[in-house]
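Contents: one structure, followed by commentary.
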Amino acid sequence: MKTYTLHTNQNSKELILFLSGFASHYSHYTHLQSQCNVILCYDYRDISLDIDMSQFEKVTLIAYSMGVCVASKICKDIQFHTTLAINGTNMGIDKLYGIHPILFNQTIKNFNLANFKKALFGNHISLAQNFFFDTTKSLIDELISLRNFCNETSEESGITWDKVLISKQDSIFPPQSCYNFFHLQKPQPIIIERNLVHYPFFSFQTWEEICMLHAS
């Protein structure tokens, strides 16, 4: 994975560690402000985490989309203050608890960036016109890497999340898969539903606002 420091505040001992989704880039999140430190992880062609978090007294984990599956495995031995999963599950690719394997394989075979953007942003696609996306080959390689990772770590173990945000208009990661998975978790996380698309971040102004999400 690549990492990028979105916000640095030397007066803060708090860190938000954000594992983003497939095809993410730091340009997709620069509109979100924060008073604490925020580190972004992206590009899952290589799935490994090497970040020194020892200087922080409070670390919050936020994971999004396929980043939920990645975080649930590679971060499961880290003690977090709180954890939030957004539009994803620990399984990632699964008939009942993730993106259906047939659909995921079809996406790899027929990947089209323009179609992906439409599904990702919905009616907000004009707000993402300056977002950077890697080459089609690089994105397909990332999908293959994620598929391999899910196949190698198919068991349901991993992080038990404190809170879960599910976008009811998500056309990439099926909301029903999220419901199916998180209703089985013990203890069950707080499930927050919003009328949002797969990429929900245009609806927020700060990372703290995301951290403070609660069920209505």
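In the structure tokens, chains take the letters A, B, ... in the order shown, each chain's residues start at 1, and ligands count up from 1 in the order shown.
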Residues of range 60-131 of chain A at most 6 Å from range 159-171 of chain A: nearest atom pair and distance in Å, only C-alpha atoms, as a tab-separated table:
```
residue	atom	partner	partner_atom	distance
A:Ser72	CA	A:Ile159	CA	4.6
A:Lys76	CA	A:Ile159	CA	5.1
A:Thr83	CA	A:Asp162	CA	5.3
A:Leu84	CA	A:Lys163	CA	4.8
A:Ala85	CA	A:Val164	CA	4.8
A:Ile86	CA	A:Leu165	CA	4.7
A:Asn87	CA	A:Ile166	CA	5.2
A:Ala119	CA	A:Ser171	CA	5.9
```
Residues as selected, N, CA and C atoms, written as a PDB file, in the first residue's frame, can you do that?
```pdb
ATOM      1  N   SER A  72      -9.625  -5.381   8.150  1.00  0.00           N
ATOM      2  CA  SER A  72     -10.084  -6.393   9.103  1.00  0.00           C
ATOM      3  C   SER A  72      -9.043  -7.485   9.316  1.00  0.00           C
ATOM      4  N   LYS A  76      -6.027  -6.315  12.611  1.00  0.00           N
ATOM      5  CA  LYS A  76      -6.816  -6.951  13.672  1.00  0.00           C
ATOM      6  C   LYS A  76      -6.074  -7.046  15.005  1.00  0.00           C
ATOM      7  N   THR A  83     -13.603   2.029  15.826  1.00  0.00           N
ATOM      8  CA  THR A  83     -13.479   1.594  14.446  1.00  0.00           C
ATOM      9  C   THR A  83     -14.788   1.839  13.699  1.00  0.00           C
ATOM     10  N   LEU A  84     -14.665   2.215  12.441  1.00  0.00           N
ATOM     11  CA  LEU A  84     -15.830   2.492  11.593  1.00  0.00           C
ATOM     12  C   LEU A  84     -15.609   1.868  10.223  1.00  0.00           C
ATOM     13  N   ALA A  85     -16.542   1.043   9.779  1.00  0.00           N
ATOM     14  CA  ALA A  85     -16.516   0.459   8.433  1.00  0.00           C
ATOM     15  C   ALA A  85     -17.545   1.166   7.567  1.00  0.00           C
ATOM     16  N   ILE A  86     -17.157   1.511   6.351  1.00  0.00           N
ATOM     17  CA  ILE A  86     -18.037   2.228   5.432  1.00  0.00           C
ATOM     18  C   ILE A  86     -18.195   1.423   4.147  1.00  0.00           C
ATOM     19  N   ASN A  87     -19.403   0.993   3.849  1.00  0.00           N
ATOM     20  CA  ASN A  87     -19.748   0.346   2.571  1.00  0.00           C
ATOM     21  C   ASN A  87     -18.793  -0.785   2.192  1.00  0.00           C
ATOM     22  N   ALA A 119     -20.884   4.663 -11.297  1.00  0.00           N
ATOM     23  CA  ALA A 119     -21.380   3.856 -10.182  1.00  0.00           C
ATOM     24  C   ALA A 119     -20.854   4.377  -8.849  1.00  0.00           C
TER      25      ALA A 119
END
```
Skipping near chain neighbours, those fewer than 6 positions away, what residues fall within 10 Å of Ile78 in chain A using only C-alpha atoms, listed as a VMD selection string?
-> chain A and resid 53 59 61 159
Non-local contacts of Lys117 in chain A (12 Å; only C-alpha atoms; under 2 positions in same chain excluded) as a compact mmCIF listing (two decimals) with all heavy atoms, in the first residue's frame:
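Result went into result-v7.txt, see below:
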```txt
# COMPACT_ATOMS: atom_id res chain seq x y z
N PHE A 22 -10.88 0.61 -3.38
CA PHE A 22 -10.23 0.37 -4.67
C PHE A 22 -10.25 1.64 -5.52
O PHE A 22 -11.24 2.39 -5.55
CB PHE A 22 -10.97 -0.75 -5.41
CG PHE A 22 -10.77 -0.73 -6.89
CD1 PHE A 22 -9.55 -1.08 -7.44
CD2 PHE A 22 -11.80 -0.35 -7.75
CE1 PHE A 22 -9.35 -1.04 -8.82
CE2 PHE A 22 -11.62 -0.31 -9.12
CZ PHE A 22 -10.38 -0.66 -9.66
N ALA A 23 -9.16 1.89 -6.20
CA ALA A 23 -8.99 3.01 -7.14
C ALA A 23 -8.88 4.37 -6.45
O ALA A 23 -8.87 5.40 -7.10
CB ALA A 23 -10.10 3.05 -8.18
N SER A 24 -8.80 4.36 -5.12
CA SER A 24 -8.70 5.63 -4.40
C SER A 24 -7.35 6.30 -4.61
O SER A 24 -6.35 5.65 -4.92
CB SER A 24 -8.93 5.42 -2.91
OG SER A 24 -10.28 5.20 -2.60
N PHE A 111 -13.22 -4.18 -17.23
CA PHE A 111 -13.17 -2.93 -16.47
C PHE A 111 -13.24 -1.71 -17.39
O PHE A 111 -12.52 -1.60 -18.38
CB PHE A 111 -11.90 -2.85 -15.63
CG PHE A 111 -11.83 -1.60 -14.79
CD1 PHE A 111 -12.62 -1.49 -13.65
CD2 PHE A 111 -11.01 -0.54 -15.15
CE1 PHE A 111 -12.58 -0.34 -12.88
CE2 PHE A 111 -10.96 0.61 -14.38
CZ PHE A 111 -11.75 0.72 -13.24
N ASN A 112 -14.13 -0.79 -17.01
CA ASN A 112 -14.32 0.46 -17.74
C ASN A 112 -14.35 1.59 -16.72
O ASN A 112 -15.26 1.65 -15.89
CB ASN A 112 -15.62 0.41 -18.55
CG ASN A 112 -15.86 1.69 -19.34
OD1 ASN A 112 -16.22 2.72 -18.78
ND2 ASN A 112 -15.67 1.61 -20.65
N LEU A 113 -13.37 2.47 -16.78
CA LEU A 113 -13.23 3.51 -15.77
C LEU A 113 -14.42 4.46 -15.76
O LEU A 113 -14.91 4.86 -14.69
CB LEU A 113 -11.93 4.29 -15.96
CG LEU A 113 -11.65 5.40 -14.94
CD1 LEU A 113 -11.66 4.85 -13.52
CD2 LEU A 113 -10.32 6.08 -15.25
N ALA A 114 -14.91 4.83 -16.94
CA ALA A 114 -16.04 5.76 -17.01
C ALA A 114 -17.28 5.17 -16.32
O ALA A 114 -17.97 5.87 -15.56
CB ALA A 114 -16.35 6.11 -18.46
N ASN A 115 -17.55 3.91 -16.57
CA ASN A 115 -18.69 3.26 -15.94
C ASN A 115 -18.49 3.14 -14.43
O ASN A 115 -19.44 3.29 -13.65
CB ASN A 115 -18.93 1.87 -16.54
CG ASN A 115 -19.42 1.94 -17.97
OD1 ASN A 115 -19.95 2.97 -18.42
ND2 ASN A 115 -19.26 0.85 -18.70
N ALA A 119 -20.88 4.66 -11.30
CA ALA A 119 -21.38 3.86 -10.18
C ALA A 119 -20.85 4.38 -8.85
O ALA A 119 -21.55 4.34 -7.83
CB ALA A 119 -20.98 2.40 -10.38
N LEU A 120 -19.63 4.87 -8.85
CA LEU A 120 -18.98 5.33 -7.63
C LEU A 120 -19.61 6.62 -7.09
O LEU A 120 -19.92 6.73 -5.90
CB LEU A 120 -17.49 5.55 -7.91
CG LEU A 120 -16.57 5.94 -6.76
CD1 LEU A 120 -16.50 4.83 -5.73
CD2 LEU A 120 -15.18 6.26 -7.30
N PHE A 121 -19.82 7.59 -7.99
CA PHE A 121 -20.24 8.92 -7.56
C PHE A 121 -21.71 9.22 -7.81
O PHE A 121 -22.24 10.19 -7.26
CB PHE A 121 -19.39 9.98 -8.27
CG PHE A 121 -17.92 9.85 -8.01
CD1 PHE A 121 -17.05 9.55 -9.05
CD2 PHE A 121 -17.40 10.02 -6.74
CE1 PHE A 121 -15.68 9.43 -8.82
CE2 PHE A 121 -16.04 9.89 -6.50
CZ PHE A 121 -15.18 9.61 -7.54
N GLY A 122 -22.37 8.46 -8.64
CA GLY A 122 -23.77 8.72 -8.93
C GLY A 122 -23.97 10.11 -9.51
O GLY A 122 -23.22 10.55 -10.39
N ASN A 123 -24.94 10.83 -8.99
CA ASN A 123 -25.26 12.17 -9.48
C ASN A 123 -24.23 13.23 -9.08
O ASN A 123 -24.34 14.38 -9.52
CB ASN A 123 -26.64 12.60 -8.98
CG ASN A 123 -27.75 11.77 -9.58
OD1 ASN A 123 -27.63 11.26 -10.70
ND2 ASN A 123 -28.84 11.60 -8.85
N HIS A 124 -23.25 12.84 -8.28
CA HIS A 124 -22.23 13.79 -7.83
C HIS A 124 -20.95 13.70 -8.66
O HIS A 124 -19.93 14.25 -8.26
CB HIS A 124 -21.89 13.54 -6.36
CG HIS A 124 -23.07 13.59 -5.44
ND1 HIS A 124 -23.76 14.75 -5.17
CD2 HIS A 124 -23.70 12.60 -4.75
CE1 HIS A 124 -24.76 14.49 -4.34
NE2 HIS A 124 -24.76 13.20 -4.08
N ILE A 125 -21.02 13.05 -9.79
CA ILE A 125 -19.81 12.80 -10.58
C ILE A 125 -19.12 14.09 -11.01
O ILE A 125 -17.89 14.14 -11.13
CB ILE A 125 -20.13 11.91 -11.80
CG1 ILE A 125 -18.84 11.41 -12.44
CG2 ILE A 125 -21.02 12.63 -12.81
CD1 ILE A 125 -19.05 10.31 -13.48
N SER A 126 -19.87 15.18 -11.19
CA SER A 126 -19.26 16.45 -11.61
C SER A 126 -18.33 17.01 -10.54
O SER A 126 -17.39 17.74 -10.84
CB SER A 126 -20.34 17.48 -11.94
OG SER A 126 -21.14 17.76 -10.80
N LEU A 127 -18.57 16.65 -9.28
CA LEU A 127 -17.72 17.13 -8.18
C LEU A 127 -16.37 16.42 -8.15
O LEU A 127 -15.45 16.87 -7.48
CB LEU A 127 -18.44 16.93 -6.84
CG LEU A 127 -19.76 17.68 -6.65
CD1 LEU A 127 -20.40 17.30 -5.32
CD2 LEU A 127 -19.54 19.19 -6.73
N ALA A 128 -16.28 15.33 -8.90
CA ALA A 128 -15.06 14.52 -8.89
C ALA A 128 -14.22 14.70 -10.15
O ALA A 128 -13.32 13.91 -10.42
CB ALA A 128 -15.43 13.04 -8.73
N GLN A 129 -14.47 15.76 -10.91
CA GLN A 129 -13.81 15.90 -12.20
C GLN A 129 -12.31 16.11 -12.08
O GLN A 129 -11.55 15.82 -13.02
CB GLN A 129 -14.44 17.06 -12.98
CG GLN A 129 -14.41 18.40 -12.29
CD GLN A 129 -15.14 19.47 -13.07
OE1 GLN A 129 -15.43 19.29 -14.25
NE2 GLN A 129 -15.46 20.58 -12.43
N PHE A 131 -10.46 14.61 -9.70
CA PHE A 131 -9.89 13.47 -8.99
C PHE A 131 -8.95 12.69 -9.92
O PHE A 131 -9.25 12.48 -11.09
CB PHE A 131 -10.99 12.52 -8.51
CG PHE A 131 -11.76 13.02 -7.31
CD1 PHE A 131 -11.57 14.29 -6.80
CD2 PHE A 131 -12.69 12.20 -6.69
CE1 PHE A 131 -12.29 14.74 -5.70
CE2 PHE A 131 -13.41 12.64 -5.59
CZ PHE A 131 -13.20 13.91 -5.10
N PHE A 132 -7.85 12.23 -9.36
CA PHE A 132 -6.90 11.43 -10.13
C PHE A 132 -7.27 9.96 -10.07
O PHE A 132 -7.61 9.43 -9.00
CB PHE A 132 -5.48 11.62 -9.59
CG PHE A 132 -4.47 10.71 -10.24
CD1 PHE A 132 -3.89 11.04 -11.45
CD2 PHE A 132 -4.12 9.50 -9.64
CE1 PHE A 132 -2.96 10.20 -12.05
CE2 PHE A 132 -3.20 8.65 -10.23
CZ PHE A 132 -2.62 9.00 -11.44
N PHE A 133 -7.18 9.29 -11.21
CA PHE A 133 -7.32 7.83 -11.28
C PHE A 133 -6.14 7.27 -12.05
O PHE A 133 -5.70 7.85 -13.04
CB PHE A 133 -8.63 7.43 -11.96
CG PHE A 133 -9.84 7.63 -11.10
CD1 PHE A 133 -10.51 8.84 -11.08
CD2 PHE A 133 -10.31 6.60 -10.28
CE1 PHE A 133 -11.61 9.04 -10.28
CE2 PHE A 133 -11.41 6.78 -9.47
CZ PHE A 133 -12.08 8.00 -9.47
N SER A 171 -24.34 1.21 -5.44
CA SER A 171 -24.48 0.31 -6.60
C SER A 171 -23.18 -0.44 -6.90
O SER A 171 -23.06 -1.06 -7.96
CB SER A 171 -24.92 1.11 -7.84
OG SER A 171 -23.98 2.12 -8.16
N ILE A 172 -22.24 -0.39 -5.97
CA ILE A 172 -20.98 -1.12 -6.13
C ILE A 172 -20.88 -2.24 -5.09
O ILE A 172 -20.69 -3.41 -5.44
CB ILE A 172 -19.76 -0.19 -6.03
CG1 ILE A 172 -19.69 0.72 -7.27
CG2 ILE A 172 -18.46 -0.99 -5.90
CD1 ILE A 172 -18.53 1.68 -7.29
N VAL A 197 -24.59 7.36 -2.01
CA VAL A 197 -24.03 6.43 -3.00
C VAL A 197 -22.78 5.77 -2.41
O VAL A 197 -22.43 6.00 -1.25
CB VAL A 197 -23.70 7.17 -4.32
CG1 VAL A 197 -24.98 7.67 -4.97
CG2 VAL A 197 -22.72 8.33 -4.07
N HIS A 198 -22.10 4.96 -3.21
CA HIS A 198 -20.96 4.21 -2.69
C HIS A 198 -19.88 5.14 -2.13
O HIS A 198 -19.32 4.86 -1.07
CB HIS A 198 -20.36 3.32 -3.79
CG HIS A 198 -19.25 2.45 -3.29
ND1 HIS A 198 -19.46 1.43 -2.39
CD2 HIS A 198 -17.91 2.46 -3.53
CE1 HIS A 198 -18.31 0.83 -2.11
NE2 HIS A 198 -17.35 1.45 -2.79
N TYR A 199 -19.58 6.21 -2.84
CA TYR A 199 -18.63 7.21 -2.33
C TYR A 199 -19.44 8.25 -1.56
O TYR A 199 -20.10 9.10 -2.19
CB TYR A 199 -17.87 7.86 -3.50
CG TYR A 199 -16.94 8.98 -3.10
CD1 TYR A 199 -15.60 8.73 -2.81
CD2 TYR A 199 -17.39 10.29 -3.02
CE1 TYR A 199 -14.73 9.76 -2.46
CE2 TYR A 199 -16.53 11.33 -2.66
CZ TYR A 199 -15.22 11.05 -2.37
OH TYR A 199 -14.37 12.07 -2.02
```
Closest pair table for range 77-140 of chain A residues within 9 Å of range 180-190 of chain A, only C-alpha atoms, as a tab-separated table:
```
residue	atom	partner	partner_atom	distance
A:Thr89	CA	A:Phe181	CA	6.8
A:Asn90	CA	A:Phe181	CA	8.2
A:Met91	CA	A:Phe181	CA	8.4
A:Leu96	CA	A:Asn180	CA	6.9
A:Tyr97	CA	A:Phe181	CA	5.3
A:Gly98	CA	A:Phe181	CA	8.2
```
Could the residues in this selection be saved with N, CA, C and O atoms as a PDB file, in the first residue's frame?
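Output saved as again-v9.pdb:
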```pdb
ATOM      1  N   THR A  89     -17.382  -5.034   3.883  1.00  0.00           N
ATOM      2  CA  THR A  89     -17.402  -6.044   4.938  1.00  0.00           C
ATOM      3  C   THR A  89     -16.046  -6.723   5.050  1.00  0.00           C
ATOM      4  O   THR A  89     -15.183  -6.570   4.177  1.00  0.00           O
ATOM      5  N   ASN A  90     -15.887  -7.516   6.103  1.00  0.00           N
ATOM      6  CA  ASN A  90     -14.638  -8.256   6.295  1.00  0.00           C
ATOM      7  C   ASN A  90     -14.384  -9.267   5.180  1.00  0.00           C
ATOM      8  O   ASN A  90     -13.247  -9.651   4.933  1.00  0.00           O
ATOM      9  N   MET A  91     -15.446  -9.708   4.528  1.00  0.00           N
ATOM     10  CA  MET A  91     -15.319 -10.730   3.490  1.00  0.00           C
ATOM     11  C   MET A  91     -14.872 -10.147   2.151  1.00  0.00           C
ATOM     12  O   MET A  91     -14.151 -10.782   1.403  1.00  0.00           O
ATOM     13  N   LEU A  96     -22.735 -13.947  -0.293  1.00  0.00           N
ATOM     14  CA  LEU A  96     -23.707 -13.410   0.663  1.00  0.00           C
ATOM     15  C   LEU A  96     -23.207 -12.188   1.414  1.00  0.00           C
ATOM     16  O   LEU A  96     -24.007 -11.331   1.812  1.00  0.00           O
ATOM     17  N   TYR A  97     -21.898 -12.106   1.632  1.00  0.00           N
ATOM     18  CA  TYR A  97     -21.352 -11.106   2.546  1.00  0.00           C
ATOM     19  C   TYR A  97     -20.395 -10.121   1.882  1.00  0.00           C
ATOM     20  O   TYR A  97     -19.602  -9.475   2.568  1.00  0.00           O
ATOM     21  N   GLY A  98     -20.459 -10.007   0.571  1.00  0.00           N
ATOM     22  CA  GLY A  98     -19.576  -9.078  -0.122  1.00  0.00           C
ATOM     23  C   GLY A  98     -20.040  -8.858  -1.551  1.00  0.00           C
ATOM     24  O   GLY A  98     -21.217  -9.030  -1.868  1.00  0.00           O
TER      25      GLY A  98
END
```
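Closest approach to Gln106 in chain A among A:Glu14, A:Gln79, A:Tyr4, A:Leu143 is made by A:Leu143 (distances from only C-alpha atoms).
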Any idea what's packed within 8 Å of range 33-46 of chain A, counting only C-alpha atoms, ignoring anything in its chain fewer than 3 positions away? Could you give it as number ranges by chain?
-> A: 1-9, 12-26, 30, 141-146, 205-208
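One distance worth recording is that between CA of Asp134 in chain A and CA of Phe116 in chain A, which is 12.8 Å.
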Backbone DSSP call of strand (DSSP E) for range 98-175 of chain A, listed as a PyMOL selection string | chain A and resi 163-167
Given the choices A:Ser27, A:Pro200, A:Phe104, A:Pro175, which gets closest to Tyr64 in chain A if the distance is worked out from only C-alpha atoms?
->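 Between A:Ser27, A:Pro200, A:Phe104, A:Pro175, the residue approaching Tyr64 in chain A most closely is A:Pro200.
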Grab the CA of Leu49 in chain A to CA of Ile108 in chain A distance for me, in Å with one decimal place.
->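 Computed distance, CA of Leu49 in chain A to CA of Ile108 in chain A, equals 24.5 Å.
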From A:Val68, A:Cys75, A:Ile191, A:Ile47, residue lying nearest Ile93 in chain A [only C-alpha atoms] | A:Val68
Mind the document's chain letters and residue numbers, and return as a list in words the residues of range 127-204 of chain A that DSSP labels alpha helix (DSSP H).
->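 Restricting range 127-204 of chain A to alpha helix (DSSP H) produces Thr136, Lys137, Ser138, Leu139, Ile140, Asp141, Glu142, Leu143, Ile144, Ser145, Leu146, Arg147, Asn148, Phe149, Cys150, Asn151, Glu152, Pro175, Gln176, Ser177, Cys178, Tyr179, Asn180, Phe181 and Phe182 of chain A.
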Rank A:Gln55, A:Asn148, A:Met212, A:Met66 by their smallest atom-to-atom distance to Thr82 in chain A, using only C-alpha atoms, and report the top residue only.
-> A:Met212
